[in-house]
Amino acid sequence: MSAPRTWLLKSEPETYSIADLQKDGTTWWEGVRNYQARNFMMQEMQVGDQIFFYHSNAEPPGLAGLAVVSAPAQPDRTQFDPKSDFFDPKSTKSAPRWFCVQVRFVRDFRNLIPLSTLKQDKRLKDLLLLQRGQRLSVQPVPPKHAQILLQLAGE
DNA sequence: GCCAACGTTGGC
DNA sequence: GCCAACGTTGGC
């Protein structure tokens, strides 16, 4: 078992916010339909990994809180549900295409850390989130960046 | 609402 | 395997 890693998960707060996660306690991170993001969840995330919860398409966008991986990846059940927006007719139960981990609420940042603040911090210029055109919804956060983000959050 | 950047699809 | 068309993401 390797040391816990850190990830960043994006969510549109109108769809699912850190407050929703706080209310639910845990949730399966369903609906990811990007192979790179899926592979991170399937192959690399481990129970206990730290998660920064990012509010995208928000006013303002930014880091909203902390969560933790609470169960390893399993098939995303929305892919089999014809009524779901995330239904994938090409996926089968014997060979599911999409997987998701379970995440548990840890804490809400008292003050959201706006994207604009992250952009101003020179130490974060290599952070994947800040790279031009990137839109991956599940991203690894290297330890040195994780430490800075926690600092900004007042941990 | 705009639009740049990106991933996926499907014809060839 | 190429690549144009299309749909989506997400900041502004």
# chains A, B, ... in the order shown; residues from 1 in each chain; ligands from 1
>>> residues_around(residues="DC12 (chain B)", least_positions_apart="3", cutoff="12 Å", atoms="only C-alpha atoms (C1' of nucleotides)", output="ChimeraX atom specification")
/C:1-4
>>> interface_residues(of="chain A", to="chain B", cutoff="8 Å", atoms="only C-alpha atoms (C1' of nucleotides)", output="ChimeraX atom specification")
/A:133-135
>>> select_by_dssp(residues="region 1-101 of chain A", states="strand (DSSP E or B)", output="ChimeraX atom specification")
/A:6-11,26-28,50-55,62-75,99-101
>>> residues_around(residues="Gly25 (chain A)", least_positions_apart="4", cutoff="6 Å", atoms="only C-alpha atoms (C1' of nucleotides)", output="ChimeraX atom specification")
/A:21,104-105
>>> residues_around(residues="region 72-81 of chain A", least_positions_apart="3", cutoff="12 Å", atoms="only C-alpha atoms (C1' of nucleotides)", output="PyMOL selection string")
chain A and resi 27-33+37-49+68-69+84-104
>>> select_by_dssp(residues="region 30-111 of chain A", states="helix (DSSP H, G or I)", output="mmCIF file with C-alpha atoms, in the first residue's frame")
data_model
loop_
_atom_site.group_PDB
_atom_site.id
_atom_site.type_symbol
_atom_site.label_atom_id
_atom_site.label_comp_id
_atom_site.auth_asym_id
_atom_site.auth_seq_id
_atom_site.Cartn_x
_atom_site.Cartn_y
_atom_site.Cartn_z
ATOM 1 C CA TYR A 35 -11.141 7.584 -20.494
ATOM 2 C CA GLN A 36 -8.249 9.408 -18.904
ATOM 3 C CA ALA A 37 -10.377 10.385 -15.924
ATOM 4 C CA ARG A 38 -11.772 6.866 -15.695
ATOM 5 C CA ASN A 39 -8.303 5.370 -15.748
ATOM 6 C CA PHE A 40 -7.211 7.507 -12.836
ATOM 7 C CA MET A 41 -10.211 6.289 -10.825
ATOM 8 C CA MET A 42 -9.866 2.678 -11.922
ATOM 9 C CA GLN A 43 -6.135 2.195 -11.847
ATOM 10 C CA GLU A 44 -4.622 4.727 -9.516
ATOM 11 C CA ARG A 77 -24.318 1.883 -12.583
ATOM 12 C CA THR A 78 -25.650 4.884 -14.546
ATOM 13 C CA GLN A 79 -24.093 3.435 -17.714
ATOM 14 C CA PHE A 80 -26.694 0.628 -17.641
#
>>> residues_around(residues="region 141-143 of chain A", least_positions_apart="3", cutoff="12 Å", atoms="only C-alpha atoms (C1' of nucleotides)", output="list in words")
Ala3, Pro4, Arg5, Thr6, Trp7, Leu8, Leu9, Phe40, Met45, Asp49, Gln50, Ile51, Phe52, Phe53, Leu124, Asp126, Leu127, Leu128, Leu129, Leu130, Val138, Ala146, Gln147, Ile148, Leu149 and Leu150 of chain A
>>> atom_distance(atom1="CA of Val106 (chain A)", atom2="CA of Ala153 (chain A)")
13.2 Å
>>> atom_distance(atom1="CA of Ser70 (chain A)", atom2="CA of Ser2 (chain A)")
15.7 Å
